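Remarks on the structure that follows.
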Amino acid sequence: MTMTSQTNNVETMALPKRAEVDSIKTWDLSKLFNDFDGWRRALDALPTEAILNETLTLKFKGQLEKGGPTLVFAALTERNTLTRTLENLYVYAGLRNAEDVGDAQSSEAVAKISQINATLMAQWSFLNPELLSIQALPQWIEAEPLREYHYELSELLRAQKHVLSEREELILTQLSTPLAQFSTIHSKWNNVDLKFPNAKDSSGKEHLVSNGRYGQLLESTDRILRRSAFESLFKEIVKSRHLIASNFFARLMTGSTLAKIRGFNGFLESQLFNDDIPVEIYSGLISTVRKNLKSLHKSMSLRKKILNLDQVYSYDRYVSLATGHDHFSISFSDACDLILKSLTPLGSEYVEIARRGLTEQRWVDWAENEGKRSGAFSWGTYDSNPVMLLTWTGGLRDLFTLAHELGHSMHSWFANQSQPYHLAGYTIFVAEVASTLNEVLLSDYILTHMPNTVLARDCLSHWLQGFEGTVLRQTQFATFEWEASRQVDAGDALTADAFDDLYGRLVREWYGPDSGFDPLNASEWMRIPHFYSTFYVYKYATSYCTSLALFEELKNPSSTNAARERVLGLLKAGGSKSPLNILHDAGVDLRTPAPVEKAFLTYERFLDTAEKTY
Ligand SMILES: [Zn+2]
């Protein structure tokens with residue numbers, strides 16, 4: 001056993017309590033509230049459900065058409081004022097809870113504000129249907145005062161043709177919770193029911209296998225341990241193959257049926273609708289990646305050579321190519337310096353704001369303390385500083401996580417400074433551009449300015465795995481989802497064998513002739529939770545390709561200045577336009593194959609460097 005309960009306790013005891021942590025290592029949330037006393041005063045100032053209902057009936061309900069654009073403007077503004085206040089209350093409670101998830105005060109605060117949020121916003125549910133019933137709304141939004149809400153209201157109008165009758169919408173709302181259970185069923189199976197036998201390393205020592213630890217085990221330089229972990233996990237999951245196939249098929253069939261009910265041409269089209277993404281972007285990504293799979297095959301044969309393997313199996317893909325040296329380690333403040341230097345191509349304004357955020361305004365909570373939420377995120381509100389949570393242990397992963405989350409935070413900072421409240425929030429489709437751009441700038445800086453260091457060797461392998469995990473693997477997932485859903489749209493019933501056949505075929509196609517195929521690989525679809533947020537993962541691939549296209553232009557001296565302005569334009573745009581238009585204005589047209597094609601040129605260049613380095 002690697003980890004007995006006793007060593008677990010010892011590790012927990014070694015961590016400081018949240019109250020003992022030096023404030024320099026924590027975030028400053030005072031722009032939101034100084035403490036829970038201030039938070040409670042703001043909470044007490046909210047209207048009750050009854051008072052809000054009375055106010056809305058008196059001022060707006062049933063009167064919008066007669067009141068004209070001025071009354072509609074007043075209603076939208078009043079709703080946004082409430083949303084903004086509720087967000088500040090919710091995010092503060094959530095951030096305080098992330099500091100220590102076991103803390104009773106913040107846990108209660110999160111529950112309380114969630115419940116108040118739901119009841120107050122329910123009072124506003126009359127607004128959108130009433131707006132859509134106004135015949136003149138399309139004309140009103142072209143003039144003052146509603147021009148300010150043009151994008152928001154035109155999005156509402158765009159969705160109108162898929163909105164059903166009031167009664168039908170009510171039925172679908174009532175069914176929405178039961179129809180969302182497939183994801184819960186998968187999650188309970190994957191996170192609660194599944195238990196794996198221990199894996200054994202080459203010396204016979206046993207290692208605990210869990211979904212959480214699996215990734216780490218696959219990074220081990222001990223191949224016997226990697227294979228053992230793989231077998232322990234997959235032999236266990238395939239025992240439930242008929243159950244999970246039925247659950248996943250039911251998920252696809254539900255999505256496909258709802259899409260038809262709402263008048264969409266298939267499940268995929270219905271899921272891309274919110275972001276206003278045409279199906280051709282999705283299919284185009286898949287066909288361009290397929291055309292470039294030879295680059296991934298080349299990477300696998302390089303991996304085979306460097307790691308001296310007979311064939312590269314799925315459990316050989318995550319071990320670093322930079323084996324056989326000391327581990328890289330860096331302090332938080334050195335990491336900040338390094339990241340800031342790497343961001344120079346984004347200009348002095350960007351770097352200065354980031355520097356203040358990292359070093360003076362305490363945007364980052366990097367302390368390690370008992371009960372702190374694991375993982376990393378960037379969050380905040382229109383009124384707060386953008387803040388980031390991570391736990392600093394000083395490895396390469398932390399360095400890149402900080403650069404990544406800083407990208408999200410800077411995106412929020414620029415969007416909040418440049419847009420009114422209702423247009424500042426951006427969609428996932430553009431969100432990952434700013435974060436992955438920072439990661440590639442950091443990699444490029446390290447490889448260019450610190451060649452032949454331990455850090456550079458680690459970083460190159462990390463970059464290649466990042467590209468393969470984000471662009472190639474996510475597109476393989478996206479292809480699987482699409483091909484399966486098209487069969488379901490066409491009325492086919494899919495079984496475990498059908499899912500395995502499809503997935504296995506894609507794995508072979510993606511990883512090529514130097515990769516070994518274990519029959520268990522065909523069942524990997526069973527354990528991917530993202531398949532229950534259908535047609536979501538392709539956004540990781542398109543975002544990453546976009547950020548690489550921007551990176552190449554920033555790197556080329558003849559286009560640096562123009563590219564910098566376009567990147568800043570993207571950050572400042574927030575959610576003021578459709579995601580495709582925001583990227584188009586930044587000079588990246590995903591309606592063409594060029595950005596994805598170009599991303600593979602960058603990948604090839606890094607592969608060439610790897611060939612010379614290892
Ligand atoms: Zn991210």
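We label chains A, B, ... in the order they appear in the structure tokens, count residues from 1 in each chain, and number ligands from 1 in the order shown.
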Give me, as a tab-separated table, each residue of region 500-543 of chain A that comes within 12 Å of region 264-279 of chain A, together with its shortest interatomic pair and the distance in Å at one decimal, counting only C-alpha atoms, with rows ordered by chain and rising residue number.
```
residue	atom	partner	partner_atom	distance
A:Ser533	CA	A:Gln271	CA	9.6
A:Thr534	CA	A:Gln271	CA	7.6
A:Phe535	CA	A:Gln271	CA	6.7
A:Tyr536	CA	A:Gln271	CA	8.5
A:Val537	CA	A:Leu272	CA	11.8
A:Tyr538	CA	A:Leu272	CA	10.6
A:Lys539	CA	A:Leu272	CA	10.4
A:Thr542	CA	A:Ile277	CA	11.6
```
Counting only C-alpha atoms and all ligand atoms, which residues in chain A sit no more than 7 Å from ligand 1? For each one, give the nearest pair of atoms and the distance in Å, sorted by chain then residue number, as a Markdown table.
```
| residue | atom | partner | partner_atom_place_in_ligand_line | distance |
| --- | --- | --- | --- | --- |
| A:His404 | CA | ligand 1 | 1 (Zn) | 6.3 |
| A:Glu405 | CA | ligand 1 | 1 (Zn) | 6.4 |
| A:His408 | CA | ligand 1 | 1 (Zn) | 6.7 |
| A:Glu432 | CA | ligand 1 | 1 (Zn) | 5.2 |
| A:Ser435 | CA | ligand 1 | 1 (Zn) | 5.8 |
```
Just the alpha helix (DSSP H) stuff from region 466-593 of chain A, please, per backbone DSSP, written as a compact mmCIF listing (two decimals) with N, CA and C atoms, in the first residue's frame.
```
# COMPACT_ATOMS: atom_id res chain seq x y z
N GLY A 466 0.38 18.84 -24.26
CA GLY A 466 -0.73 19.79 -24.22
C GLY A 466 -1.43 19.87 -25.56
N PHE A 467 -0.67 19.98 -26.63
CA PHE A 467 -1.27 20.05 -27.97
C PHE A 467 -2.01 18.76 -28.29
N ARG A 473 -6.69 14.92 -29.12
CA ARG A 473 -7.56 14.02 -28.36
C ARG A 473 -8.99 14.58 -28.27
N GLN A 474 -9.12 15.89 -28.03
CA GLN A 474 -10.47 16.45 -27.92
C GLN A 474 -11.22 16.35 -29.25
N THR A 475 -10.49 16.48 -30.36
CA THR A 475 -11.17 16.34 -31.66
C THR A 475 -11.55 14.88 -31.91
N GLN A 476 -10.73 13.96 -31.42
CA GLN A 476 -11.12 12.55 -31.51
C GLN A 476 -12.42 12.33 -30.72
N PHE A 477 -12.50 12.92 -29.54
CA PHE A 477 -13.74 12.84 -28.74
C PHE A 477 -14.91 13.44 -29.53
N ALA A 478 -14.65 14.62 -30.11
CA ALA A 478 -15.71 15.32 -30.85
C ALA A 478 -16.20 14.49 -32.03
N THR A 479 -15.28 13.76 -32.67
CA THR A 479 -15.66 12.91 -33.81
C THR A 479 -16.53 11.75 -33.34
N PHE A 480 -16.14 11.17 -32.22
CA PHE A 480 -16.92 10.06 -31.65
C PHE A 480 -18.35 10.53 -31.32
N GLU A 481 -18.44 11.67 -30.66
CA GLU A 481 -19.76 12.19 -30.28
C GLU A 481 -20.63 12.41 -31.51
N TRP A 482 -19.99 12.99 -32.54
CA TRP A 482 -20.77 13.36 -33.72
C TRP A 482 -21.23 12.12 -34.49
N GLU A 483 -20.28 11.18 -34.68
CA GLU A 483 -20.65 9.99 -35.45
C GLU A 483 -21.72 9.18 -34.72
N ALA A 484 -21.58 9.06 -33.41
CA ALA A 484 -22.61 8.32 -32.65
C ALA A 484 -23.95 9.05 -32.72
N SER A 485 -23.92 10.37 -32.54
CA SER A 485 -25.19 11.11 -32.50
C SER A 485 -25.88 11.12 -33.86
N ARG A 486 -25.09 11.11 -34.94
CA ARG A 486 -25.73 11.07 -36.27
C ARG A 486 -26.48 9.76 -36.47
N GLN A 487 -25.89 8.67 -35.97
CA GLN A 487 -26.59 7.39 -36.08
C GLN A 487 -27.89 7.40 -35.27
N VAL A 488 -27.81 8.03 -34.09
CA VAL A 488 -29.02 8.10 -33.25
C VAL A 488 -30.05 9.03 -33.90
N ASP A 489 -29.59 10.17 -34.46
CA ASP A 489 -30.51 11.06 -35.19
C ASP A 489 -31.24 10.30 -36.30
N ALA A 496 -23.30 -1.50 -26.73
CA ALA A 496 -21.91 -1.42 -26.28
C ALA A 496 -20.95 -1.80 -27.41
N ASP A 497 -21.29 -2.84 -28.17
CA ASP A 497 -20.42 -3.25 -29.29
C ASP A 497 -20.29 -2.13 -30.31
N ALA A 498 -21.40 -1.46 -30.61
CA ALA A 498 -21.36 -0.39 -31.61
C ALA A 498 -20.49 0.76 -31.13
N PHE A 499 -20.63 1.15 -29.86
CA PHE A 499 -19.79 2.24 -29.33
C PHE A 499 -18.32 1.82 -29.33
N ASP A 500 -18.04 0.58 -28.93
CA ASP A 500 -16.65 0.09 -28.91
C ASP A 500 -16.05 0.09 -30.32
N ASP A 501 -16.83 -0.40 -31.30
CA ASP A 501 -16.34 -0.44 -32.69
C ASP A 501 -15.95 0.94 -33.15
N LEU A 502 -16.86 1.88 -32.94
CA LEU A 502 -16.63 3.25 -33.39
C LEU A 502 -15.41 3.85 -32.69
N TYR A 503 -15.37 3.73 -31.35
CA TYR A 503 -14.27 4.34 -30.59
C TYR A 503 -12.92 3.70 -30.95
N GLY A 504 -12.92 2.37 -31.04
CA GLY A 504 -11.68 1.66 -31.36
C GLY A 504 -11.14 2.07 -32.73
N ARG A 505 -12.05 2.20 -33.69
CA ARG A 505 -11.65 2.62 -35.05
C ARG A 505 -10.98 4.00 -34.99
N LEU A 506 -11.55 4.91 -34.21
CA LEU A 506 -10.99 6.27 -34.13
C LEU A 506 -9.62 6.26 -33.43
N VAL A 507 -9.48 5.46 -32.37
CA VAL A 507 -8.19 5.40 -31.67
C VAL A 507 -7.09 4.94 -32.64
N ARG A 508 -7.40 3.90 -33.43
CA ARG A 508 -6.40 3.39 -34.39
C ARG A 508 -6.06 4.45 -35.42
N GLU A 509 -7.10 5.10 -35.94
CA GLU A 509 -6.88 6.13 -36.96
C GLU A 509 -6.05 7.28 -36.39
N TRP A 510 -6.35 7.71 -35.17
CA TRP A 510 -5.68 8.88 -34.59
C TRP A 510 -4.21 8.59 -34.29
N TYR A 511 -3.94 7.46 -33.62
CA TYR A 511 -2.58 7.27 -33.09
C TYR A 511 -1.62 6.54 -34.02
N TYR A 538 -15.06 20.18 -28.36
CA TYR A 538 -14.45 20.73 -29.58
C TYR A 538 -13.98 22.17 -29.34
N LYS A 539 -14.61 22.85 -28.35
CA LYS A 539 -14.24 24.25 -28.09
C LYS A 539 -12.80 24.36 -27.58
N TYR A 540 -12.34 23.32 -26.88
CA TYR A 540 -10.94 23.33 -26.43
C TYR A 540 -10.02 23.35 -27.65
N ALA A 541 -10.38 22.54 -28.66
CA ALA A 541 -9.53 22.45 -29.86
C ALA A 541 -9.56 23.75 -30.66
N THR A 542 -10.76 24.30 -30.89
CA THR A 542 -10.82 25.53 -31.69
C THR A 542 -10.15 26.70 -30.96
N SER A 543 -10.35 26.78 -29.63
CA SER A 543 -9.70 27.85 -28.86
C SER A 543 -8.18 27.75 -28.95
N TYR A 544 -7.68 26.53 -28.81
CA TYR A 544 -6.23 26.35 -28.81
C TYR A 544 -5.65 26.70 -30.18
N CYS A 545 -6.32 26.27 -31.24
CA CYS A 545 -5.84 26.60 -32.59
C CYS A 545 -5.87 28.12 -32.80
N THR A 546 -6.90 28.78 -32.28
CA THR A 546 -6.98 30.23 -32.39
C THR A 546 -5.81 30.88 -31.67
N SER A 547 -5.51 30.41 -30.46
CA SER A 547 -4.42 31.06 -29.73
C SER A 547 -3.07 30.80 -30.40
N LEU A 548 -2.91 29.64 -31.05
CA LEU A 548 -1.66 29.39 -31.77
C LEU A 548 -1.53 30.29 -32.99
N ALA A 549 -2.66 30.53 -33.67
CA ALA A 549 -2.63 31.44 -34.83
C ALA A 549 -2.21 32.84 -34.37
N LEU A 550 -2.77 33.28 -33.24
CA LEU A 550 -2.41 34.61 -32.71
C LEU A 550 -0.94 34.63 -32.27
N PHE A 551 -0.50 33.55 -31.66
CA PHE A 551 0.89 33.45 -31.21
C PHE A 551 1.87 33.59 -32.39
N GLU A 552 1.56 32.90 -33.51
CA GLU A 552 2.46 32.97 -34.67
C GLU A 552 2.57 34.40 -35.19
N GLU A 553 1.44 35.12 -35.16
CA GLU A 553 1.48 36.51 -35.64
C GLU A 553 2.22 37.42 -34.66
N LEU A 554 2.07 37.13 -33.37
CA LEU A 554 2.80 37.92 -32.37
C LEU A 554 4.30 37.69 -32.50
N LYS A 555 4.67 36.48 -32.87
CA LYS A 555 6.07 36.10 -32.93
C LYS A 555 6.76 36.67 -34.17
N THR A 560 3.77 41.80 -35.36
CA THR A 560 3.60 41.83 -33.89
C THR A 560 2.63 42.91 -33.43
N ASN A 561 2.86 44.15 -33.87
CA ASN A 561 2.04 45.25 -33.35
C ASN A 561 0.57 45.10 -33.70
N ALA A 562 0.30 44.75 -34.96
CA ALA A 562 -1.09 44.59 -35.39
C ALA A 562 -1.74 43.43 -34.64
N ALA A 563 -0.98 42.34 -34.45
CA ALA A 563 -1.53 41.17 -33.76
C ALA A 563 -1.84 41.51 -32.31
N ARG A 564 -0.94 42.29 -31.67
CA ARG A 564 -1.16 42.67 -30.27
C ARG A 564 -2.47 43.45 -30.12
N GLU A 565 -2.69 44.40 -31.03
CA GLU A 565 -3.93 45.18 -30.97
C GLU A 565 -5.15 44.28 -31.13
N ARG A 566 -5.02 43.28 -32.01
CA ARG A 566 -6.17 42.40 -32.23
C ARG A 566 -6.43 41.50 -31.03
N VAL A 567 -5.35 41.05 -30.38
CA VAL A 567 -5.53 40.23 -29.16
C VAL A 567 -6.22 41.08 -28.09
N LEU A 568 -5.74 42.32 -27.90
CA LEU A 568 -6.36 43.18 -26.88
C LEU A 568 -7.81 43.46 -27.25
N GLY A 569 -8.08 43.59 -28.54
CA GLY A 569 -9.46 43.80 -29.00
C GLY A 569 -10.35 42.63 -28.61
N LEU A 570 -9.81 41.42 -28.77
CA LEU A 570 -10.56 40.21 -28.39
C LEU A 570 -10.88 40.22 -26.89
N LEU A 571 -9.87 40.58 -26.07
CA LEU A 571 -10.08 40.59 -24.63
C LEU A 571 -11.11 41.65 -24.24
N LYS A 572 -11.00 42.82 -24.90
CA LYS A 572 -11.89 43.93 -24.56
C LYS A 572 -13.32 43.69 -25.04
N ALA A 573 -13.49 42.83 -26.05
CA ALA A 573 -14.83 42.61 -26.61
C ALA A 573 -15.76 41.91 -25.62
N PRO A 579 -19.43 34.84 -30.67
CA PRO A 579 -18.05 34.36 -30.51
C PRO A 579 -17.28 34.30 -31.83
N LEU A 580 -17.93 33.82 -32.89
CA LEU A 580 -17.21 33.72 -34.17
C LEU A 580 -16.79 35.09 -34.67
N ASN A 581 -17.65 36.09 -34.46
CA ASN A 581 -17.30 37.44 -34.91
C ASN A 581 -16.17 38.03 -34.08
N ILE A 582 -16.15 37.73 -32.79
CA ILE A 582 -15.06 38.24 -31.94
C ILE A 582 -13.72 37.68 -32.44
N LEU A 583 -13.71 36.37 -32.73
CA LEU A 583 -12.46 35.76 -33.22
C LEU A 583 -12.11 36.28 -34.61
N HIS A 584 -13.12 36.48 -35.44
CA HIS A 584 -12.89 37.01 -36.78
C HIS A 584 -12.26 38.40 -36.71
N ASP A 585 -12.77 39.24 -35.80
CA ASP A 585 -12.20 40.58 -35.63
C ASP A 585 -10.75 40.50 -35.13
```
Original post:
Which neighbours of Ser106 (chain A) fall inside 8 Å, counting only C-alpha atoms, when residues of the same chain fewer than 4 positions from it are skipped, and could you give them as a ChimeraX atom specification?
Top reply: /A:93-94,96-97,110
I need the chosen residues saved as a PDB file, in the first residue's frame, with N, CA and C atoms.
```pdb
ATOM      1  N   ALA A  93     -19.284  34.463  -1.434  1.00  0.00           N
ATOM      2  CA  ALA A  93     -19.502  33.269  -0.606  1.00  0.00           C
ATOM      3  C   ALA A  93     -18.763  32.062  -1.200  1.00  0.00           C
ATOM      4  N   GLY A  94     -18.820  31.930  -2.523  1.00  0.00           N
ATOM      5  CA  GLY A  94     -18.161  30.807  -3.193  1.00  0.00           C
ATOM      6  C   GLY A  94     -16.646  30.859  -3.044  1.00  0.00           C
ATOM      7  N   ARG A  96     -14.948  32.411  -0.635  1.00  0.00           N
ATOM      8  CA  ARG A  96     -14.599  32.146   0.759  1.00  0.00           C
ATOM      9  C   ARG A  96     -14.694  30.647   1.063  1.00  0.00           C
ATOM     10  N   ASN A  97     -15.672  29.985   0.428  1.00  0.00           N
ATOM     11  CA  ASN A  97     -15.828  28.549   0.642  1.00  0.00           C
ATOM     12  C   ASN A  97     -14.685  27.751   0.011  1.00  0.00           C
ATOM     13  N   VAL A 110     -23.201  30.049   0.918  1.00  0.00           N
ATOM     14  CA  VAL A 110     -23.402  29.615  -0.469  1.00  0.00           C
ATOM     15  C   VAL A 110     -24.826  29.065  -0.641  1.00  0.00           C
TER      16      VAL A 110
END
```
Original post:
What residues in region 147-381 of chain A get the DSSP label strand (DSSP E or B)? Please answer as an MDAnalysis selection string.
Top reply: chainID A and resid 199:200 206:207 312 364:365 377:379
Prev. selection, C-alpha atoms, output as a CSV table (one decimal), in the first residue's frame:
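Writing the result to out30.csv gives the following:
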```csv
chain,number,residue,atom,x,y,z
A,199,ALA,CA,-1.7,-1.6,-9.4
A,200,LYS,CA,1.8,-3.2,-9.0
A,206,GLU,CA,1.2,-1.9,-4.7
A,207,HIS,CA,-0.3,1.4,-5.6
A,312,VAL,CA,3.4,3.3,-27.9
A,364,VAL,CA,-3.9,34.9,-6.5
A,365,ASP,CA,-4.7,32.7,-3.6
A,377,PHE,CA,-9.7,28.4,-11.4
A,378,SER,CA,-10.1,32.1,-12.2
A,379,TRP,CA,-13.3,33.8,-11.0
```
Original post:
Counting only C-alpha atoms, what is within 9 Å of region 383-389 of chain A, bar same-chain residues fewer than 4 positions away, as a PyMOL selection string?
Top reply: chain A and resi 26-32+84+88+95+98-99+357+361-367+373-379+402+405-406+408-410+412-413+416
Subject >> For region 159-176 of chain A: contacts at 8 Å, only C-alpha atoms, fewer than 5 positions along chain excluded, given as a PyMOL selection string >> reply: chain A and resi 132+262-264
Subject >> Interatomic distance (Å, one decimal) between CA of Gln63 (chain A) and CA of Leu423 (chain A) >> reply: 25.9 Å
Skip Ala136 (chain A) itself and residues of its chain fewer than 5 positions away, then list as a PDB file with C-alpha atoms, in the first residue's frame all residues within 12 Å of it, counting only C-alpha atoms.
```pdb
ATOM      1  CA  LEU A  64     -44.066  46.611 -21.547  1.00  0.00           C
ATOM      2  CA  GLU A  65     -45.624  46.918 -25.004  1.00  0.00           C
ATOM      3  CA  LYS A  66     -47.724  49.910 -23.948  1.00  0.00           C
ATOM      4  CA  GLY A  68     -42.628  51.324 -25.185  1.00  0.00           C
ATOM      5  CA  PRO A  69     -38.816  51.172 -25.486  1.00  0.00           C
ATOM      6  CA  VAL A  72     -38.342  47.980 -21.670  1.00  0.00           C
ATOM      7  CA  LEU A 131     -40.527  40.880 -24.672  1.00  0.00           C
ATOM      8  CA  ILE A 141     -33.714  47.613 -30.724  1.00  0.00           C
ATOM      9  CA  GLU A 142     -32.348  49.607 -33.675  1.00  0.00           C
ATOM     10  CA  ALA A 143     -32.899  52.943 -31.915  1.00  0.00           C
ATOM     11  CA  LEU A 157     -35.083  37.096 -31.131  1.00  0.00           C
TER      12      LEU A 157
END
```
